[in-house]
Amino acid sequence: MDIDIIIPIYNAFDFVKKCIETVIEHTDLTQHTLLLVNDKSTDERILPLLNSFIKDNQSLNIILIDNKDNQGFVRTVNIGMQYSHHDVVLLNSDTEVTRNWLSKIQNCAYSKPAVATVTPLSNNATLASVPVFLAENTIPPGLSVEEYADIVEKCSMNLFPDIPTAHGFCMYIKREAIDDLGLFDEETFGKGYGEENDFSYRCLQAGYRHLLCDNTYIYHKGTQSFTQEKTNLINSHLQILKERYPVCFANTEAFVQQNPISEIQLNVRYNTDMYSKKNVLIVIHEFKAINERNIGGTTLHVHDLIRNMRKEFNFHVIYYSVDDFRYYLTSYFSSDEITVSLGMYSQYTALNLYNDVFKKDIERLITVLRIDLIHIHHLRNMYLDIFKVAQEKNVPFIYTMHDFYSICPSVKLFDEETFLCSYNNQNGCSSCISKKFKQNINFIPLWRKEFYSNLKLAKKIIVPSSNTKNIVLDIYKDLTIDVIEHGYNQVNKELNYSNIKKNKKEKFNIAFIGGISEEKGLRYLKGLIAEARKSEITIHLFGMAENKKYNTNKQNYIYHGEYLQKDLPNLLLENDIKLVCLMSMWPETYSYTLSESLIAEIPVITFDLGAIAERVKAIDAGWIFPIHSTAKDIFKFILTVKSNIAGEYQKKKENIRHYLKEMKSVKEMADEYARIYNKTINTFPVLAYDTNDTQSKIEFYKKSRELNPSSIKSIQEKKEYKRIKNIIKGSAPFKRAFREMKLYRETYKNSKWRNKILFKFIWYRIICLNTCSTFTQKYY
């Protein structure tokens, strides 16, 4: 079927030239006709340019209509439609068409009954804009218009959804609609703006429909700026449309508000990078933003991998939020991040190993995101279906074990009486299960049976320490496990040494770090505080204690509260910490707090247990105690270290300095993982995904609702506000309260709570405590 392509032209030489060139390149003009309508352009180069296209392409159907007088945009379009007797495409002269554009749009027009118009996707076409709805988008860096159009076509779900109005930048109109309803209303909309909406609404009232061609992308330069005259014209024409077609106008506004075609935009946004890189699915139990406080080591490790490998791989992180009991997916592309909510999964007990709804979501997710590799970091709050789906879809997976969840859901193999539990004696698990899980049935045999059968399918199992490897092999004896130690980036400490303020009484400062729970040595924090009351030892806590009683200052005890990971080494230095107590009562698998202590060049004391002891022994960076030592034993030893600070203590510091010269960086660790990723992906390539699996895409996008970045930030702001308000109202040191308030105001400059937190500080820390004069002298 013949189609006439009508391009109304008025000046814009460069745009016109490019537009016509792309039409000639990508359109069969031996079958279809290009109709150039020049509306008396004042640029004298335009007419010769148009004639040259006809002269240079005499075998093609190119016709020029040269208006003798300027008719205006709408009248010029009507002239073209009156000349034609076929379906037409109205094409702005600042567009660039792409490969197979016309045949795809025509197929869309005849794919459903009673279609009047079709509009393709574009970077700049209001409701047809992708990937951001109603916005002027740019072509992603490194891609040409043609390459981007190819991606849109490849990933398209071919939904061809109904839309409330066509867009005039590229508007396919069936001849029967023109014959039934006439031309554009040039008398009302002669200068443009709203004429295609008026025509579209007339079509709707006559029973026709308008479709969005979601497999075709046309580039549109668009209007760069509006004069006041144009703005007034647009507003007046909108008012006319509202009065003429109140129902149609209201439906369009509702469409804009609800965005029922968001899955098309999200699909394009995801696929822009997915075709150019390999895609890795990260599975983790929780996942906080890197700028939040109190982040666990597993999350820190995953952030390190993403930051250092993001240019080579796309990362998709699925995780569980304990804040609202929902599952989320955050995708990290080269220069884009997308977070969507996956919903909730019902379970009958906390120990369910499998979940059919979760399995179906994972199946869709792997298909839609074209996953090449799954990297499991933690499965708490997840289900073992992830292994089954990987096997069924032939997607290779690797597993980094950060603790002992695969052995027991208690995670840490901790026993309050004996420290390390008898994990290799299943018969002894019953009493622990009764206490920790309030159950009478020993579920460990089935737990380990299911984990073992799935772990054998892994292409690689990784642990961060040899001690961890030995414990896992005690249970799963024939697994092959590699040890890859985590990396850590050192910080600049030079500027902080001058900030160290010596205590007038020459106090000897020791520190506990992190979240201090029972298994992290809470009983030793309690014991050392009691022992230090009448001594020259001051104990510091950087982090939070599980027992809130210890989240406030006491005699010879300073509570600093939560911290950002990057700040910890300097906080230790600024407070002149001499020893760090890492009193974990379970076999930790690595310990970021040990790395942070070493970067600050501070020796540690710990128990002969897990990776901490393994690492400390390897470089002789501190002192290791038997696991049943008492707080009194440890305190007596701290006194001996204090009295002999120039002896063995200095040797430990020298050993640490020597170690730091060769300490593995995050980049070096990421390079190791990149080699593993590439080797695994190349050795076990995923069979080509079915790009026509539209149903999986529809179900994924319908269920997955993108979170507004501003709402995410607002949630973080509110959480921080509440946290800092509690610090200000509590008994934290004045200096810390001031620092936290100041940091919040600097971080969230547009927050509605920015001034409120200042007023809280003034009220609780100045007016109520009558310290205004001290505040003024010290800080202003």
# chains A, B, ... in the order shown; residues from 1 in each chain; ligands from 1

call {"tool": "residues_around", "arguments": {"residues": "range 124-128 of chain A", "least_positions_apart": "2", "cutoff": "8 Å", "atoms": "only C-alpha atoms", "output": "list of chain:residue names"}}
result
A:Thr119, A:Pro120, A:Leu121, A:Ser122, A:Val130, A:Phe133, A:Leu134, A:Ala135, A:Glu136, A:Asn137, A:His167, A:Phe169, A:Leu212, A:Tyr219, A:His220, A:Lys221, A:Gly222, A:Val256

call {"tool": "write_last_selection", "arguments": {"atoms": "N, CA and C atoms", "output": "PDB file, in the first residue's frame"}}
result
ATOM      1  N   THR A 119       1.714   6.802  16.306  1.00  0.00           N
ATOM      2  CA  THR A 119       2.862   7.637  16.684  1.00  0.00           C
ATOM      3  C   THR A 119       3.988   6.728  17.152  1.00  0.00           C
ATOM      4  N   PRO A 120       5.210   6.888  16.633  1.00  0.00           N
ATOM      5  CA  PRO A 120       6.335   6.068  17.099  1.00  0.00           C
ATOM      6  C   PRO A 120       6.944   6.638  18.375  1.00  0.00           C
ATOM      7  N   LEU A 121       7.869   5.911  18.946  1.00  0.00           N
ATOM      8  CA  LEU A 121       8.619   6.399  20.098  1.00  0.00           C
ATOM      9  C   LEU A 121       9.652   7.424  19.654  1.00  0.00           C
ATOM     10  N   SER A 122      10.061   8.258  20.599  1.00  0.00           N
ATOM     11  CA  SER A 122      11.047   9.283  20.286  1.00  0.00           C
ATOM     12  C   SER A 122      11.766   9.722  21.556  1.00  0.00           C
ATOM     13  N   VAL A 130      10.801   8.299  25.301  1.00  0.00           N
ATOM     14  CA  VAL A 130      11.492   7.250  26.065  1.00  0.00           C
ATOM     15  C   VAL A 130      12.962   7.653  26.235  1.00  0.00           C
ATOM     16  N   PHE A 133       9.335   9.511  30.470  1.00  0.00           N
ATOM     17  CA  PHE A 133       8.015   9.967  30.029  1.00  0.00           C
ATOM     18  C   PHE A 133       7.907  11.490  30.109  1.00  0.00           C
ATOM     19  N   LEU A 134       7.345  12.106  29.064  1.00  0.00           N
ATOM     20  CA  LEU A 134       7.055  13.544  29.017  1.00  0.00           C
ATOM     21  C   LEU A 134       8.303  14.424  29.068  1.00  0.00           C
ATOM     22  N   ALA A 135       9.478  13.844  28.851  1.00  0.00           N
ATOM     23  CA  ALA A 135      10.729  14.602  28.982  1.00  0.00           C
ATOM     24  C   ALA A 135      11.463  14.657  27.649  1.00  0.00           C
ATOM     25  N   GLU A 136      12.384  15.610  27.563  1.00  0.00           N
ATOM     26  CA  GLU A 136      13.277  15.685  26.417  1.00  0.00           C
ATOM     27  C   GLU A 136      14.517  14.871  26.747  1.00  0.00           C
ATOM     28  N   ASN A 137      14.625  13.684  26.165  1.00  0.00           N
ATOM     29  CA  ASN A 137      15.713  12.761  26.448  1.00  0.00           C
ATOM     30  C   ASN A 137      16.869  12.961  25.476  1.00  0.00           C
ATOM     31  N   HIS A 167       0.957  12.414  18.265  1.00  0.00           N
ATOM     32  CA  HIS A 167       1.928  13.509  18.358  1.00  0.00           C
ATOM     33  C   HIS A 167       2.369  13.862  16.944  1.00  0.00           C
ATOM     34  N   PHE A 169       4.975  15.181  15.581  1.00  0.00           N
ATOM     35  CA  PHE A 169       6.355  15.135  15.078  1.00  0.00           C
ATOM     36  C   PHE A 169       6.511  14.061  14.010  1.00  0.00           C
ATOM     37  N   LEU A 212       0.348   3.665  19.780  1.00  0.00           N
ATOM     38  CA  LEU A 212       1.763   3.986  19.956  1.00  0.00           C
ATOM     39  C   LEU A 212       2.567   2.830  19.383  1.00  0.00           C
ATOM     40  N   TYR A 219      14.138  10.018  15.904  1.00  0.00           N
ATOM     41  CA  TYR A 219      14.783  11.111  16.643  1.00  0.00           C
ATOM     42  C   TYR A 219      14.112  12.444  16.306  1.00  0.00           C
ATOM     43  N   HIS A 220      13.884  13.257  17.342  1.00  0.00           N
ATOM     44  CA  HIS A 220      13.219  14.552  17.151  1.00  0.00           C
ATOM     45  C   HIS A 220      14.013  15.628  17.890  1.00  0.00           C
ATOM     46  N   LYS A 221      14.537  16.550  17.130  1.00  0.00           N
ATOM     47  CA  LYS A 221      15.316  17.631  17.747  1.00  0.00           C
ATOM     48  C   LYS A 221      14.424  18.477  18.652  1.00  0.00           C
ATOM     49  N   GLY A 222      13.293  18.906  18.156  1.00  0.00           N
ATOM     50  CA  GLY A 222      12.310  19.599  18.989  1.00  0.00           C
ATOM     51  C   GLY A 222      12.621  21.050  19.244  1.00  0.00           C
ATOM     52  N   VAL A 256      -1.635  11.069  31.469  1.00  0.00           N
ATOM     53  CA  VAL A 256      -0.350  11.653  31.856  1.00  0.00           C
ATOM     54  C   VAL A 256      -0.047  11.386  33.335  1.00  0.00           C
TER      55      VAL A 256
END

call {"tool": "select_by_dssp", "arguments": {"residues": "range 577-657 of chain A", "states": "strand (DSSP E)", "output": "list in words"}}
result
Ile577, Lys578, Leu579, Val580, Cys581, Leu582, Val604, Ile605, Thr606, Phe607, Gly622, Trp623, Ile624 and Phe625 of chain A

call {"tool": "write_last_selection", "arguments": {"atoms": "N, CA and C atoms", "output": "short mmCIF file (atom, residue, chain, number, x, y, z; two decimals), in the first residue's frame"}}
result
data_model
loop_
_atom_site.label_atom_id
_atom_site.label_comp_id
_atom_site.auth_asym_id
_atom_site.auth_seq_id
_atom_site.Cartn_x
_atom_site.Cartn_y
_atom_site.Cartn_z
N ILE A 577 43.13 6.45 69.79
CA ILE A 577 42.89 5.06 70.19
C ILE A 577 44.21 4.28 70.10
N LYS A 578 44.54 3.57 71.17
CA LYS A 578 45.78 2.80 71.23
C LYS A 578 45.56 1.33 70.92
N LEU A 579 44.40 0.81 71.28
CA LEU A 579 44.08 -0.60 71.06
C LEU A 579 42.64 -0.71 70.59
N VAL A 580 42.39 -1.66 69.71
CA VAL A 580 41.03 -1.96 69.29
C VAL A 580 40.68 -3.37 69.77
N CYS A 581 39.54 -3.49 70.43
CA CYS A 581 39.07 -4.78 70.94
C CYS A 581 38.08 -5.38 69.94
N LEU A 582 38.48 -6.44 69.28
CA LEU A 582 37.61 -7.17 68.37
C LEU A 582 37.27 -8.50 69.04
N VAL A 604 45.41 -4.76 67.65
CA VAL A 604 44.13 -5.25 68.14
C VAL A 604 44.34 -6.38 69.15
N ILE A 605 43.31 -6.60 69.94
CA ILE A 605 43.26 -7.80 70.76
C ILE A 605 41.99 -8.55 70.38
N THR A 606 42.10 -9.88 70.29
CA THR A 606 40.98 -10.68 69.81
C THR A 606 41.10 -12.08 70.38
N PHE A 607 40.14 -12.93 70.04
CA PHE A 607 40.16 -14.32 70.48
C PHE A 607 40.74 -15.22 69.40
N GLY A 622 48.72 -7.95 66.63
CA GLY A 622 48.07 -7.76 67.92
C GLY A 622 48.24 -8.97 68.80
N TRP A 623 47.32 -9.11 69.75
CA TRP A 623 47.41 -10.18 70.74
C TRP A 623 46.15 -11.03 70.68
N ILE A 624 46.34 -12.34 70.78
CA ILE A 624 45.24 -13.28 70.64
C ILE A 624 45.05 -14.02 71.96
N PHE A 625 43.81 -13.99 72.46
CA PHE A 625 43.47 -14.59 73.74
C PHE A 625 42.74 -15.92 73.55
#

call {"tool": "atom_distance", "arguments": {"atom1": "CA of Lys679 in chain A", "atom2": "CA of Ile386 in chain A"}}
result
21.3 Å

call {"tool": "closest_residue", "arguments": {"among": "A:Lys438, A:Glu588, A:Met544, A:Phe451", "to": "Lys412 in chain A", "atoms": "only C-alpha atoms"}}
result
A:Glu588

call {"tool": "closest_residue", "arguments": {"among": "A:Ile46, A:Val389, A:Val23, A:Ile728", "to": "Asn454 in chain A", "atoms": "only C-alpha atoms"}}
result
A:Val389

call {"tool": "select_by_dssp", "arguments": {"residues": "range 152-278 of chain A", "states": "helix (DSSP H, G or I)", "output": "number ranges by chain"}}
result
A: 152-155, 175-181, 186-189, 195-205, 228-244, 246-258, 262-274

call {"tool": "closest_residue", "arguments": {"among": "A:Gln58, A:Ser276, A:Ser341, A:Gln565", "to": "Arg293 in chain A", "atoms": "only C-alpha atoms"}}
result
A:Gln565

call {"tool": "closest_residue", "arguments": {"among": "A:Ile510, A:Ile362, A:Val483, A:Ile7", "to": "Ile638 in chain A", "atoms": "only C-alpha atoms"}}
result
A:Ile510

call {"tool": "closest_atom_pairs", "arguments": {"of": "range 518-612 of chain A", "to": "range 649-672 of chain A", "cutoff": "10 Å", "atoms": "only C-alpha atoms", "output": "JSON lines"}}
result
{"residue": "A:Lys578", "atom": "CA", "partner": "A:Tyr649", "partner_atom": "CA", "distance": 9.3}
{"residue": "A:Leu579", "atom": "CA", "partner": "A:Tyr649", "partner_atom": "CA", "distance": 9.6}
{"residue": "A:Ser595", "atom": "CA", "partner": "A:Met663", "partner_atom": "CA", "distance": 9.5}
{"residue": "A:Ser597", "atom": "CA", "partner": "A:Ile656", "partner_atom": "CA", "distance": 9.8}
{"residue": "A:Leu598", "atom": "CA", "partner": "A:Ile656", "partner_atom": "CA", "distance": 6.3}
{"residue": "A:Ile599", "atom": "CA", "partner": "A:Leu660", "partner_atom": "CA", "distance": 7.1}
{"residue": "A:Ala600", "atom": "CA", "partner": "A:Ile656", "partner_atom": "CA", "distance": 9.3}
{"residue": "A:Glu601", "atom": "CA", "partner": "A:Lys653", "partner_atom": "CA", "distance": 6.0}
{"residue": "A:Ile602", "atom": "CA", "partner": "A:Lys653", "partner_atom": "CA", "distance": 6.6}
{"residue": "A:Pro603", "atom": "CA", "partner": "A:Lys652", "partner_atom": "CA", "distance": 6.3}
{"residue": "A:Val604", "atom": "CA", "partner": "A:Lys652", "partner_atom": "CA", "distance": 9.2}

call {"tool": "residues_around", "arguments": {"residues": "range 156-166 of chain A", "least_positions_apart": "3", "cutoff": "6 Å", "atoms": "only C-alpha atoms", "output": "compact mmCIF listing (two decimals) with C-alpha atoms, in the first residue's frame"}}
result
# COMPACT_ATOMS: atom_id res chain seq x y z
CA THR A 119 2.86 7.64 16.68
CA VAL A 152 14.38 -0.20 20.82
CA GLU A 153 13.28 -2.57 18.05
CA ASN A 197 -4.76 17.02 19.30
CA SER A 200 -7.10 13.19 17.37
CA HIS A 210 -4.71 6.05 18.22
CA LEU A 211 -1.80 3.64 18.70
CA LEU A 212 1.76 3.99 19.96
CA CYS A 213 4.23 2.08 17.78
CA ASP A 214 6.60 0.84 20.48
CA ASN A 215 9.03 -0.95 18.14
CA THR A 252 -5.42 12.81 28.37
CA THR A 694 6.70 -10.68 25.57

call {"tool": "closest_atom_pairs", "arguments": {"of": "range 288-399 of chain A", "to": "range 487-490 of chain A", "cutoff": "10 Å", "atoms": "only C-alpha atoms", "output": "Markdown table"}}
result
| residue | atom | partner | partner_atom | distance |
| --- | --- | --- | --- | --- |
| A:His301 | CA | A:Gly487 | CA | 8.5 |
| A:Asp304 | CA | A:Gly487 | CA | 8.6 |
| A:Leu305 | CA | A:Gly487 | CA | 9.9 |

call {"tool": "residues_around", "arguments": {"residues": "range 20-22 of chain A", "least_positions_apart": "2", "cutoff": "8 Å", "atoms": "only C-alpha atoms", "output": "MDAnalysis selection string"}}
result
chainID A and resid 16:18 24:26 93 96:98

call {"tool": "closest_atom_pairs", "arguments": {"of": "range 461-541 of chain A", "to": "range 609-615 of chain A", "cutoff": "9 Å", "atoms": "only C-alpha atoms", "output": "JSON lines"}}
result
{"residue": "A:Pro464", "atom": "CA", "partner": "A:Ala611", "partner_atom": "CA", "distance": 8.3}
{"residue": "A:Ser465", "atom": "CA", "partner": "A:Ala611", "partner_atom": "CA", "distance": 5.9}
{"residue": "A:Ser466", "atom": "CA", "partner": "A:Ala611", "partner_atom": "CA", "distance": 7.5}
{"residue": "A:Asn467", "atom": "CA", "partner": "A:Gly610", "partner_atom": "CA", "distance": 5.8}
{"residue": "A:Thr468", "atom": "CA", "partner": "A:Ala611", "partner_atom": "CA", "distance": 7.0}
